[in-house]
Amino acid sequence: MKKSPSVLVIGGGSTGTGIARDLAMRGLDVTLVEKGNLTHGTTGRMHGLLHSGGRYAVSDQASAKECIEENRVLRRIAGHCVEMTGGLFVQRPEDSDEYFEKKLEGCRECGIPAEVLSAEEAREIEPYLAKDIKRAIKVPDGAVDPFRLCVANAASAVEHGARIETHSEVTDVLVEGGEVVGVEVTHQTGTGPYVHGEPGEVEEIRADYVVNATGAWAGQIGDFAGVDVEVRPSKGVMTIMNTRQVDTVVNRCRPKGDADIIVPHETTCILGTTDEEVEDPEDYPEEGWEVDLMIETLSELVPMLAEARTIRSFWGVRPLYEPPGTGTEDPTDITREFFLLDHADRDDLPGMTSIVGGKLTTYRMMAEQISDHVCEKLGVDAECRTADVPLPGSEDFTVLRDYMDDFGLRSPIGRRSAQRLGSRADEVLNSVDPNPVVCECEAVTRAEIQDALDTAGTELNSVRIQTRASMGNCQGAICCHRMANELAPEYDEETVRASLDDLYQERWKGERHAMWGTQLSQTALKHMLHAATMNRDEDPAAADADIDFAAFDDGGASEDDASGVASGGAVADGGRRRAADRDDDALGGADGDN
Amino acid sequence: MAITDDVLVIGGGIAACTAALSAAETGARVRLLAHKKSTLRQASGLVDVLGYAGGDGPLSDPFAGLDALPEGHPYRVVGEDGVRAGLRVFDEAVGDAYRGGHTDSNALVMTHGGAVKPTARYPESVAPGLASSPGDTLLVGFAGLTDFDAPVAADHLAAAGVPFSARGVTVEFPKRFRADAKVTRFAKALDRDEEVDGGTVRSVLADTVAEELDGESRVGFPAMLGDDHAEAVREELSDRLGVPVFEVPTGPPSLLGLKLEDILFDALDEAGVRISAGNPAVDFEADDGRVETVIVDQKSRPTPYSADQVVLATGGLVGKGLDSDRESVTEPVFGCHVPHPEDRYDWSEPEAFGDHAFARFGVVPDDELRPTDEDGEPHFENLRAAGGVVGGADVAREKSASGVSLATGAVAGRLAGEEATR
């Protein structure tokens with residue numbers, strides 16, 4: 001039997017995992033390498049908008065048409081990653097009528113369903129819109145969970161025989177006889193089924209073809225191969241609110257600008273964003289003024305945001321690209337189209353193609369086009385099936401029935417779990433018994449954590465992005481250590497502790513951008529729970545010096561009652577102030593009125 | 001007409017209770033204005049005085065660390081006498097419900113994560129399990145409770161170098177609950193000793209644990225061994241197992257913290273302190289540099305309370321005795337000065353357990369614990385502050401949270417009482 005041609009895909013974001021799935025389904029021998037965990041780069045740091053195309057309907061109609069097409073495909077194949085919230089383009093009195101008309105016309109030209117709503121009609125959908133808005137255009141925007149989407153693509157690729165290597169950084173591209181023949185990867189520390197190498201181990205992976213799907217990092221891979229890929233990384237801030245102030249995607253209807261979109265995402269809203277070119281996609285300033293700008297500008301659309309609670313902020317880097325010589329100065333003017341750069345045609349270096357630009361909504365279409373291209377180069381004749389075959393978890397949506405009865409889960413927990421797991425809910429929720437709630441803010445049970453650990457190894461951040469545990473209001477104050485405990489007994493106590501420290505620090509990084517008001521109270525409570533109650537800051541197990549235990553109070557063992565047990569102390573039993581609502585959720589802790 | 005007392009204490013936590021008890025000792029007529037549930041439900045129920053200071057620790061003698069604290073720390077303001085006064089008021093209020101008063105030394109107590117921490121007073125149910133008292137230990141966790149993983153905690157204790165062997169087992173609680181059941185549900189089942197297959201909750205639990213026991217001389221559970229009848233639960237389990245049973249303090253909702261709150265409020269009743277609970281203090285009236293009246297928002301109806309002396313014990317950031325927005329940090333009732341860095345990004349450090357400025361936020365007391373303005377002058381002649389609202393201490397990293405509340409509460413309460421009854 002003839003061996004299948006081999007393809008190496010660099011990058012474990014939406015594009016890379018999408019390509020791996022596509023090529024694996026076509027029968028090719030696929031290896032994907034990613035330097036961090038899946039979604040480590042841009043995919044894991046976006047606002048979660050499933051574009052209708054409306055945002056590009058005036059400025060970039062080619063992108064707009066791709067968006068609406070793929071919007072429909074994703075609803076079909078990735079139902080468990082998508083929430084069809086609908087979207088509004090809202091016009092304020094100071095926003096131009098001319099642009100509003102152009103937007104409407106553009107939507108219609110691109111085949112995007114668009115309906116004009118009066119201010120009253122818009123406020124019927126979103127009651128917290130500002131009183132003075134003029135009108136709105138309704139479009140089929142939605143929310144997509146990029147983490148779940150990537151994990152599902154990777155799982156499907158593996159089902160079709162692909163090899164996925166996370167924590168494997170490409171440290172060179174192998175060029176022999178003027179042709180790319182593979183890459184050199186250096187394995188990093190990591191655990192889980194997608195980690196095979198030892199830390200520090202260098203491995204050469206040879207392949208018939210190499211695909212560079214590293215987005216904002218594409219230039220760095222290009223450098224290894226000696227070709228120029230002029231990606232222009234552009235950073236954007238996203239500020240997460242504590243609750244869904246809106247249930248619909250709310251866009252500002254004006255030409256362009258910072259801070260013009262609110263995306264409802266799971267239990268939160270995400271405010272976005274800025275667009276500022278940066279030199280290095282891994283090292284750029286994250287600044288408070290960007291957060292302030294989100295709150296101040298977007299409260300013009302939804303006034304309650306001015307006083308609302310934000311729980312953290314994060315930044316992502318767009319992999320913008322423009323063909324050499326275009327010379328656009330403002331990054332907001334750079335096209336959102338994607339480009340397929342075949343280095344044979346472009347640089348006289350066969351064996352590798354880079355894919356740059358684009359956006360999450362069109363990841364599958366990008367993957368299809370580059371997979372077509374690769375198949376053509378390798379002489380493989382196989383059809384793309386990714387637009388028709390649902391992703392794992394989205395196969396059968398009739399399973400969303402009453403999980404409360406089936407799993408002893410209270411209704412909201414059962415519903416949330418089923419939404420996240422889709423058609424895998426039965427299999428996952430039945431796997432653990434008893435199945436207590438680990439993360440109370442996001443209603444994540446042990447079964448989901450254990451399921452995520454199957455692919456995450458000891459990386460709790462990967463568990464977090466798959467399940468949303470520790471991503472709610474308390475930012476892990478209540479559940480970080482519970483998540484870590486789930487690593488035992490498979491992993492030892494030292495590993496549990498190290499993983500907890502990593503997760504706690506990662507949470508802290510984003511929380512620092514939300515430390516005022518109620519969220520600062522929440523932070524202070526977190527500090528108390530983890531430093532005062534648990535003594536994690538001065539953990540003797542992590543300290544160099546030994547403690548002289550004998551120097552401390554031994555409970556009076558040497559003097560009197562050796563056991564100190566139940567020696568009849570009169571515990572006052574006053575029930576008077578004993579609050580009737582002791583069963584209250586401790587969550588929000590500092591936030592008694594939320 | 002305003003309700004009038006000698007001393008008005010605003011707050012409902014340890015500091016407020018201590019201030020009220022201390023003021024009552026002077027013979028003053030005292031009223032406590034408590035808004036809502038205190039933050040004790042989030043606290044472990046341990047009474048830390050000082051565990052780490054000046055880079056040293058864990059300290060076996062909390063008093064030895066006082067001099068290493070920075071200038072302006074509340075302990076430096078009230079001195080060792082103040083710290084001891086706080087502990088005296090506490091010990092008298094709680095009686096036998098707490099241990100540790102027989103010595104100046106700190107005990108080392110197991111945390112629910114498996115670390116150990118220095119503390120000065122601990123509930124009697126915690127006493128048999130001190131990490132500073134040797135005794136091979138079996139820790140028992142429950143499959144349905146995720147907060148305490150006994151095998152992990154036991155291995156963590158070993159990593160901390162405790163002078164005894166520790167082993168953890170996870171067992172099924174005799175009764176099954178829903179996925180989101182809280183510790184309170186487990187505690188109630190033990191309280192009522194509910195019927196289950198093979199006996200009652202207590203007897204079946206004891207039988208299950210007895211099978212796991214392998215020569216250990218004490219057995220620890222997460223702090224959920226009963227609520228209203230905790231002592232009977234523990235006693236029965238100890239009898240059946242033949243070794244002492246103890247509790248490991250936990251995070252919220254903390255039954256030990258709630259129990260302490262009940263004990264303190266009983267002590268207030270006994271001391272004749274009047275209690276007005278359920279509504280927040282929102283405003284005040286002052287005249288000639290003195291607070292005359294505190295306005296309480298009684299279901300949107302402003303209700304005045306007047307007093308000769310006032311103690312502000314509304315808590316820190318957690319208890320909402322301090323408020324903040326993107327630009328500033330404030331004390332919301334009296335508008336007392338709260339120093340803070342101008343840039344909010346300087347309020348915290350990049351390292352999660354760094355030396356955060358926010359942890360030390362609070363009003364700046366003079367030597368009589370009166371909050372001062374930017375020029376160091378008291379805002380009001382008759383207003384004192386106690387507990388978390390007082391700045392200058394990172395009580396979480398120092399392990400000094402309850403101690404600071406006790407010391408400042410005792411001193412502020414005594415001074416207020418003495419002034420009012422002079």
# chains A, B, ... in the order shown; residues from 1 in each chain; ligands from 1
call {"tool": "residues_around", "arguments": {"residues": "stretch 106-115 of chain B", "least_positions_apart": "4", "cutoff": "6 Å", "atoms": "only C-alpha atoms", "output": "list of chain:residue names"}}
result
A:Met534, A:Asp539, A:Phe552, A:Asp553, B:Ser60, B:Asp61, B:Thr119, B:Ala120, B:Leu130, B:Ala131, B:Ser132, B:Phe148, B:Ala153, B:His156, B:Leu157, B:Thr250
call {"tool": "write_last_selection", "arguments": {"atoms": "N, CA and C atoms", "output": "PDB file, in the first residue's frame"}}
result
ATOM      1  N   MET A 534      -5.121  30.022  53.766  1.00  0.00           N
ATOM      2  CA  MET A 534      -4.379  28.854  53.281  1.00  0.00           C
ATOM      3  C   MET A 534      -2.866  28.994  53.434  1.00  0.00           C
ATOM      4  N   ASP A 539       4.078  29.231  52.272  1.00  0.00           N
ATOM      5  CA  ASP A 539       3.958  27.784  52.398  1.00  0.00           C
ATOM      6  C   ASP A 539       5.281  27.156  52.846  1.00  0.00           C
ATOM      7  N   PHE A 552       6.581  25.792  69.049  1.00  0.00           N
ATOM      8  CA  PHE A 552       5.222  26.332  68.978  1.00  0.00           C
ATOM      9  C   PHE A 552       4.303  25.683  70.013  1.00  0.00           C
ATOM     10  N   ASP A 553       3.196  26.333  70.216  1.00  0.00           N
ATOM     11  CA  ASP A 553       2.159  25.845  71.140  1.00  0.00           C
ATOM     12  C   ASP A 553       1.731  24.427  70.745  1.00  0.00           C
TER      13      ASP A 553
ATOM     14  N   SER B  60       7.211  31.863  66.399  1.00  0.00           N
ATOM     15  CA  SER B  60       6.590  31.102  67.489  1.00  0.00           C
ATOM     16  C   SER B  60       6.063  32.073  68.551  1.00  0.00           C
ATOM     17  N   ASP B  61       6.678  33.265  68.629  1.00  0.00           N
ATOM     18  CA  ASP B  61       6.210  34.256  69.605  1.00  0.00           C
ATOM     19  C   ASP B  61       5.740  35.509  68.864  1.00  0.00           C
ATOM     20  N   THR B 119      -0.913  30.622  64.341  1.00  0.00           N
ATOM     21  CA  THR B 119      -2.103  31.313  64.823  1.00  0.00           C
ATOM     22  C   THR B 119      -2.095  31.317  66.355  1.00  0.00           C
ATOM     23  N   ALA B 120      -2.789  32.292  66.945  1.00  0.00           N
ATOM     24  CA  ALA B 120      -2.708  32.465  68.402  1.00  0.00           C
ATOM     25  C   ALA B 120      -3.856  31.791  69.150  1.00  0.00           C
ATOM     26  N   LEU B 130      -3.456  20.084  66.119  1.00  0.00           N
ATOM     27  CA  LEU B 130      -2.364  21.023  65.876  1.00  0.00           C
ATOM     28  C   LEU B 130      -1.183  20.346  65.187  1.00  0.00           C
ATOM     29  N   ALA B 131      -0.628  21.042  64.206  1.00  0.00           N
ATOM     30  CA  ALA B 131       0.567  20.511  63.547  1.00  0.00           C
ATOM     31  C   ALA B 131       1.772  20.662  64.465  1.00  0.00           C
ATOM     32  N   SER B 132       1.665  21.542  65.460  1.00  0.00           N
ATOM     33  CA  SER B 132       2.759  21.697  66.416  1.00  0.00           C
ATOM     34  C   SER B 132       2.593  20.776  67.610  1.00  0.00           C
ATOM     35  N   PHE B 148     -11.519  20.125  49.985  1.00  0.00           N
ATOM     36  CA  PHE B 148     -10.516  19.482  50.836  1.00  0.00           C
ATOM     37  C   PHE B 148     -10.212  18.108  50.263  1.00  0.00           C
ATOM     38  N   ALA B 153      -3.705  16.977  50.938  1.00  0.00           N
ATOM     39  CA  ALA B 153      -3.378  17.751  52.142  1.00  0.00           C
ATOM     40  C   ALA B 153      -2.358  17.006  53.001  1.00  0.00           C
ATOM     41  N   HIS B 156       0.979  17.204  51.461  1.00  0.00           N
ATOM     42  CA  HIS B 156       1.466  18.575  51.602  1.00  0.00           C
ATOM     43  C   HIS B 156       2.039  18.786  53.008  1.00  0.00           C
ATOM     44  N   LEU B 157       1.364  18.255  54.012  1.00  0.00           N
ATOM     45  CA  LEU B 157       1.883  18.351  55.384  1.00  0.00           C
ATOM     46  C   LEU B 157       3.258  17.705  55.489  1.00  0.00           C
ATOM     47  N   THR B 250     -11.613  25.650  57.107  1.00  0.00           N
ATOM     48  CA  THR B 250     -11.804  25.722  55.656  1.00  0.00           C
ATOM     49  C   THR B 250     -12.119  27.146  55.222  1.00  0.00           C
TER      50      THR B 250
END
call {"tool": "residues_around", "arguments": {"residues": "B:Ala206", "least_positions_apart": "4", "cutoff": "7 Å", "atoms": "only C-alpha atoms", "output": "list in words"}}
result
Arg202, Ala210, Leu237, Arg240 and Leu241 of chain B
call {"tool": "residues_around", "arguments": {"residues": "A:Val246", "least_positions_apart": "2", "cutoff": "9 Å", "atoms": "only C-alpha atoms", "output": "PyMOL selection string"}}
result
chain A and resi 126-129+243-244+248-250+262-264+269+302
call {"tool": "residues_around", "arguments": {"residues": "A:Ala78", "least_positions_apart": "4", "cutoff": "8 Å", "atoms": "only C-alpha atoms", "output": "VMD selection string"}}
result
chain A and resid 74 82 149 390 to 391 393 to 394
call {"tool": "write_last_selection", "arguments": {"atoms": "C-alpha atoms", "output": "short mmCIF file (atom, residue, chain, number, x, y, z; two decimals), in the first residue's frame"}}
result
data_model
loop_
_atom_site.label_atom_id
_atom_site.label_comp_id
_atom_site.auth_asym_id
_atom_site.auth_seq_id
_atom_site.Cartn_x
_atom_site.Cartn_y
_atom_site.Cartn_z
CA LEU A 74 -20.35 27.09 11.75
CA VAL A 82 -21.80 28.92 18.89
CA LEU A 149 -13.77 25.17 18.59
CA PRO A 390 -20.13 18.23 12.35
CA LEU A 391 -17.33 18.58 14.86
CA GLY A 393 -19.65 17.52 20.36
CA SER A 394 -21.95 18.95 17.69
#
call {"tool": "residues_around", "arguments": {"residues": "A:Pro331", "least_positions_apart": "6", "cutoff": "7 Å", "atoms": "only C-alpha atoms", "output": "ChimeraX atom specification"}}
result
/A:234,275-277
call {"tool": "atom_distance", "arguments": {"atom1": "atom CA of A:Ile261", "atom2": "atom CA of A:Thr274"}}
result
10.4 Å
call {"tool": "interface_residues", "arguments": {"of": "chain B", "to": "chain A", "cutoff": "7 Å", "atoms": "only C-alpha atoms", "output": "PyMOL selection string"}}
result
chain B and resi 44+60+96-97+100+105-108+111-113+115+117+127-128+130+132-133+143-147+149+152+155-156+159-160+178-180+182+184+228+231+235+244+251-253+262-263+266+317-319+323-326+350+352-353+359+396-397+399
call {"tool": "write_last_selection", "arguments": {"atoms": "C-alpha atoms", "output": "mmCIF file, in the first residue's frame"}}
result
data_model
loop_
_atom_site.group_PDB
_atom_site.id
_atom_site.type_symbol
_atom_site.label_atom_id
_atom_site.label_comp_id
_atom_site.auth_asym_id
_atom_site.auth_seq_id
_atom_site.Cartn_x
_atom_site.Cartn_y
_atom_site.Cartn_z
ATOM 1 C CA SER B 44 -11.357 30.384 58.826
ATOM 2 C CA SER B 60 6.590 31.102 67.489
ATOM 3 C CA ASP B 96 -13.728 27.487 76.513
ATOM 4 C CA ALA B 97 -14.842 27.600 72.897
ATOM 5 C CA GLY B 100 -4.407 28.858 72.944
ATOM 6 C CA SER B 105 3.286 31.110 71.730
ATOM 7 C CA ASN B 106 1.638 30.660 68.374
ATOM 8 C CA ALA B 107 0.344 27.248 67.422
ATOM 9 C CA LEU B 108 0.823 25.801 63.948
ATOM 10 C CA THR B 111 -4.887 24.557 56.553
ATOM 11 C CA HIS B 112 -7.359 22.858 54.223
ATOM 12 C CA GLY B 113 -4.760 23.044 51.467
ATOM 13 C CA ALA B 115 0.072 23.962 54.508
ATOM 14 C CA LYS B 117 0.104 28.407 59.541
ATOM 15 C CA ALA B 127 -7.107 21.831 69.068
ATOM 16 C CA PRO B 128 -6.515 18.053 68.864
ATOM 17 C CA LEU B 130 -2.364 21.023 65.876
ATOM 18 C CA SER B 132 2.759 21.697 66.416
ATOM 19 C CA SER B 133 1.544 18.793 68.542
ATOM 20 C CA ALA B 143 -15.675 12.408 47.437
ATOM 21 C CA GLY B 144 -18.524 14.886 47.139
ATOM 22 C CA LEU B 145 -16.598 17.856 48.573
ATOM 23 C CA THR B 146 -13.928 19.348 46.358
ATOM 24 C CA ASP B 147 -12.479 21.944 48.718
ATOM 25 C CA ASP B 149 -8.585 16.660 49.215
ATOM 26 C CA VAL B 152 -3.176 15.906 48.814
ATOM 27 C CA ASP B 155 1.215 14.804 51.382
ATOM 28 C CA HIS B 156 1.466 18.575 51.602
ATOM 29 C CA ALA B 159 6.326 18.257 52.381
ATOM 30 C CA ALA B 160 6.076 20.972 55.043
ATOM 31 C CA ARG B 178 -26.889 17.081 44.868
ATOM 32 C CA ALA B 179 -23.881 18.196 42.871
ATOM 33 C CA ASP B 180 -23.885 21.694 44.306
ATOM 34 C CA LYS B 182 -22.609 23.000 50.400
ATOM 35 C CA THR B 184 -23.786 23.139 55.506
ATOM 36 C CA ASP B 228 -25.841 23.249 66.140
ATOM 37 C CA GLU B 231 -19.710 18.960 70.042
ATOM 38 C CA GLU B 235 -17.655 13.335 70.703
ATOM 39 C CA PRO B 244 -9.491 12.168 69.134
ATOM 40 C CA GLY B 251 -12.688 28.576 53.355
ATOM 41 C CA PRO B 252 -16.181 29.983 52.799
ATOM 42 C CA PRO B 253 -18.791 29.266 53.826
ATOM 43 C CA ASP B 262 -22.566 33.757 67.128
ATOM 44 C CA ILE B 263 -20.337 33.548 70.191
ATOM 45 C CA ASP B 266 -23.941 36.328 72.567
ATOM 46 C CA LEU B 317 -12.027 46.405 51.112
ATOM 47 C CA VAL B 318 -13.629 42.991 51.666
ATOM 48 C CA GLY B 319 -16.221 44.257 54.121
ATOM 49 C CA ASP B 323 -14.608 51.772 48.513
ATOM 50 C CA SER B 324 -12.779 52.583 45.304
ATOM 51 C CA ASP B 325 -13.207 53.565 41.702
ATOM 52 C CA ARG B 326 -10.734 53.826 38.869
ATOM 53 C CA PRO B 350 2.650 41.776 39.190
ATOM 54 C CA ALA B 352 0.171 37.337 42.912
ATOM 55 C CA PHE B 353 1.588 37.227 46.432
ATOM 56 C CA ALA B 359 -3.610 45.150 51.135
ATOM 57 C CA ALA B 396 -3.108 38.369 55.026
ATOM 58 C CA ARG B 397 0.622 38.049 54.542
ATOM 59 C CA LYS B 399 -1.207 36.404 59.466
#
call {"tool": "residues_around", "arguments": {"residues": "stretch 135-139 of chain B", "least_positions_apart": "3", "cutoff": "7 Å", "atoms": "only C-alpha atoms", "output": "number ranges by chain"}}
result
B: 150, 154, 164-169, 216-221
call {"tool": "write_last_selection", "arguments": {"atoms": "N, CA and C atoms", "output": "compact mmCIF listing (two decimals), in the first residue's frame"}}
result
# COMPACT_ATOMS: atom_id res chain seq x y z
N ALA B 150 -8.09 15.11 51.02
CA ALA B 150 -7.31 14.63 52.17
C ALA B 150 -5.95 14.06 51.78
N ALA B 154 -2.52 15.70 53.13
CA ALA B 154 -1.58 14.92 53.95
C ALA B 154 -0.18 14.94 53.34
N PHE B 164 5.41 14.27 62.31
CA PHE B 164 4.56 13.09 62.53
C PHE B 164 4.16 12.60 61.15
N SER B 165 3.62 11.40 61.08
CA SER B 165 3.20 10.91 59.77
C SER B 165 1.76 11.35 59.51
N ALA B 166 1.49 11.67 58.27
CA ALA B 166 0.13 12.10 57.89
C ALA B 166 -0.29 11.30 56.67
N ARG B 167 -1.52 10.83 56.70
CA ARG B 167 -2.04 10.03 55.61
C ARG B 167 -3.45 10.51 55.32
N GLY B 168 -3.83 10.54 54.07
CA GLY B 168 -5.17 11.00 53.75
C GLY B 168 -5.97 9.95 53.01
N VAL B 169 -7.26 9.89 53.31
CA VAL B 169 -8.14 8.99 52.55
C VAL B 169 -9.38 9.76 52.13
N GLU B 216 -3.13 5.35 63.50
CA GLU B 216 -3.01 6.80 63.72
C GLU B 216 -3.65 7.17 65.06
N SER B 217 -3.11 8.26 65.67
CA SER B 217 -3.61 8.62 66.99
C SER B 217 -4.60 9.78 66.96
N ARG B 218 -4.93 10.27 65.78
CA ARG B 218 -5.98 11.30 65.67
C ARG B 218 -6.51 11.32 64.24
N VAL B 219 -7.74 11.80 64.12
CA VAL B 219 -8.39 11.80 62.80
C VAL B 219 -8.96 13.19 62.54
N GLY B 220 -8.61 13.76 61.37
CA GLY B 220 -9.09 15.10 61.03
C GLY B 220 -10.08 15.09 59.87
N PHE B 221 -11.09 15.92 59.99
CA PHE B 221 -12.10 16.11 58.94
C PHE B 221 -12.13 17.58 58.56
call {"tool": "closest_residue", "arguments": {"among": "A:Phe338, A:Val237, A:Glu448, A:Leu349", "to": "A:Met294", "atoms": "only C-alpha atoms"}}
result
A:Val237
call {"tool": "residues_around", "arguments": {"residues": "stretch 311-317 of chain A", "least_positions_apart": "6", "cutoff": "8 Å", "atoms": "only C-alpha atoms", "output": "mmCIF file with N, CA and C atoms, in the first residue's frame"}}
result
data_model
loop_
_atom_site.group_PDB
_atom_site.id
_atom_site.type_symbol
_atom_site.label_atom_id
_atom_site.label_comp_id
_atom_site.auth_asym_id
_atom_site.auth_seq_id
_atom_site.Cartn_x
_atom_site.Cartn_y
_atom_site.Cartn_z
ATOM 1 N N GLY A 41 -1.904 31.219 21.030
ATOM 2 C CA GLY A 41 -1.651 32.527 20.406
ATOM 3 C C GLY A 41 -2.893 33.398 20.317
ATOM 4 N N THR A 42 -3.223 33.827 19.116
ATOM 5 C CA THR A 42 -4.313 34.772 18.922
ATOM 6 C C THR A 42 -5.679 34.160 19.193
ATOM 7 N N ARG A 45 -7.167 34.542 22.473
ATOM 8 C CA ARG A 45 -7.213 35.900 22.994
ATOM 9 C C ARG A 45 -8.036 36.785 22.074
ATOM 10 N N MET A 46 -9.254 36.374 21.789
ATOM 11 C CA MET A 46 -10.113 37.200 20.946
ATOM 12 C C MET A 46 -11.462 37.401 21.637
ATOM 13 N N ALA A 216 0.306 35.719 13.760
ATOM 14 C CA ALA A 216 1.171 36.855 14.062
ATOM 15 C C ALA A 216 2.641 36.446 14.176
ATOM 16 N N PRO A 233 1.605 42.640 13.186
ATOM 17 C CA PRO A 233 0.812 42.328 14.380
ATOM 18 C C PRO A 233 0.203 43.596 14.953
ATOM 19 N N SER A 234 -1.057 43.510 15.301
ATOM 20 C CA SER A 234 -1.747 44.666 15.846
ATOM 21 C C SER A 234 -2.479 44.228 17.109
ATOM 22 N N LYS A 235 -2.229 44.949 18.204
ATOM 23 C CA LYS A 235 -2.814 44.512 19.472
ATOM 24 C C LYS A 235 -4.196 45.130 19.683
ATOM 25 N N GLY A 236 -5.002 44.427 20.455
ATOM 26 C CA GLY A 236 -6.307 44.951 20.832
ATOM 27 C C GLY A 236 -6.644 44.505 22.236
ATOM 28 N N VAL A 237 -7.265 45.409 23.009
ATOM 29 C CA VAL A 237 -7.640 45.063 24.370
ATOM 30 C C VAL A 237 -9.066 44.525 24.386
ATOM 31 N N MET A 238 -9.328 43.618 25.310
ATOM 32 C CA MET A 238 -10.688 43.160 25.551
ATOM 33 C C MET A 238 -10.942 43.172 27.055
ATOM 34 N N THR A 239 -12.021 43.816 27.433
ATOM 35 C CA THR A 239 -12.335 43.983 28.855
ATOM 36 C C THR A 239 -13.578 43.160 29.174
ATOM 37 N N ILE A 240 -13.465 42.310 30.182
ATOM 38 C CA ILE A 240 -14.556 41.375 30.494
ATOM 39 C C ILE A 240 -15.407 41.914 31.641
ATOM 40 N N MET A 241 -16.703 41.936 31.419
ATOM 41 C CA MET A 241 -17.634 42.411 32.443
ATOM 42 C C MET A 241 -18.106 41.228 33.293
ATOM 43 N N ASN A 242 -18.663 41.533 34.467
ATOM 44 C CA ASN A 242 -19.049 40.473 35.393
ATOM 45 C C ASN A 242 -20.331 39.769 34.992
ATOM 46 N N PRO A 281 4.888 40.299 18.759
ATOM 47 C CA PRO A 281 3.579 39.796 19.202
ATOM 48 C C PRO A 281 3.592 39.217 20.615
ATOM 49 N N GLU A 286 0.596 46.548 27.979
ATOM 50 C CA GLU A 286 -0.843 46.425 28.251
ATOM 51 C C GLU A 286 -1.179 47.566 29.197
ATOM 52 N N VAL A 291 -8.117 50.192 28.842
ATOM 53 C CA VAL A 291 -9.278 49.710 29.596
ATOM 54 C C VAL A 291 -10.255 50.871 29.826
ATOM 55 N N GLY A 472 -15.038 33.033 36.123
ATOM 56 C CA GLY A 472 -16.186 33.835 36.523
ATOM 57 C C GLY A 472 -15.819 34.979 37.443
ATOM 58 N N ASN A 473 -16.825 35.491 38.139
ATOM 59 C CA ASN A 473 -16.640 36.665 38.978
ATOM 60 C C ASN A 473 -15.514 36.548 39.990
ATOM 61 N N GLN A 475 -12.896 34.816 39.847
ATOM 62 C CA GLN A 475 -11.597 34.629 39.189
ATOM 63 C C GLN A 475 -10.757 33.544 39.870
ATOM 64 N N GLY A 510 -4.480 39.048 34.539
ATOM 65 C CA GLY A 510 -5.610 39.753 33.947
ATOM 66 C C GLY A 510 -6.448 40.510 34.967
ATOM 67 N N GLU A 511 -6.480 39.995 36.192
ATOM 68 C CA GLU A 511 -7.266 40.659 37.236
ATOM 69 C C GLU A 511 -6.728 42.050 37.539
ATOM 70 N N ARG A 512 -5.412 42.215 37.374
ATOM 71 C CA ARG A 512 -4.806 43.500 37.726
ATOM 72 C C ARG A 512 -5.403 44.643 36.910
ATOM 73 N N HIS A 513 -5.979 44.317 35.759
ATOM 74 C CA HIS A 513 -6.579 45.366 34.930
ATOM 75 C C HIS A 513 -8.004 45.701 35.363
ATOM 76 N N ALA A 514 -8.488 45.081 36.415
ATOM 77 C CA ALA A 514 -9.871 45.327 36.852
ATOM 78 C C ALA A 514 -9.933 45.651 38.338
ATOM 79 N N GLN A 519 -14.679 44.724 42.201
ATOM 80 C CA GLN A 519 -13.705 43.701 41.860
ATOM 81 C C GLN A 519 -12.444 43.816 42.726
#
call {"tool": "select_by_dssp", "arguments": {"residues": "stretch 35-99 of chain B", "states": "strand (DSSP E or B)", "output": "number ranges by chain"}}
result
B: 47, 53, 56, 98-99
call {"tool": "closest_residue", "arguments": {"among": "A:Gly18, A:Gly11, A:Gly106, A:Gly219", "to": "A:Ala154", "atoms": "only C-alpha atoms"}}
result
A:Gly18
call {"tool": "atom_distance", "arguments": {"atom1": "atom CA of B:Leu268", "atom2": "atom CA of B:Pro378"}}
result
28.6 Å
call {"tool": "atom_distance", "arguments": {"atom1": "atom CA of B:Val233", "atom2": "atom CA of B:Pro151"}}
result
23.3 Å
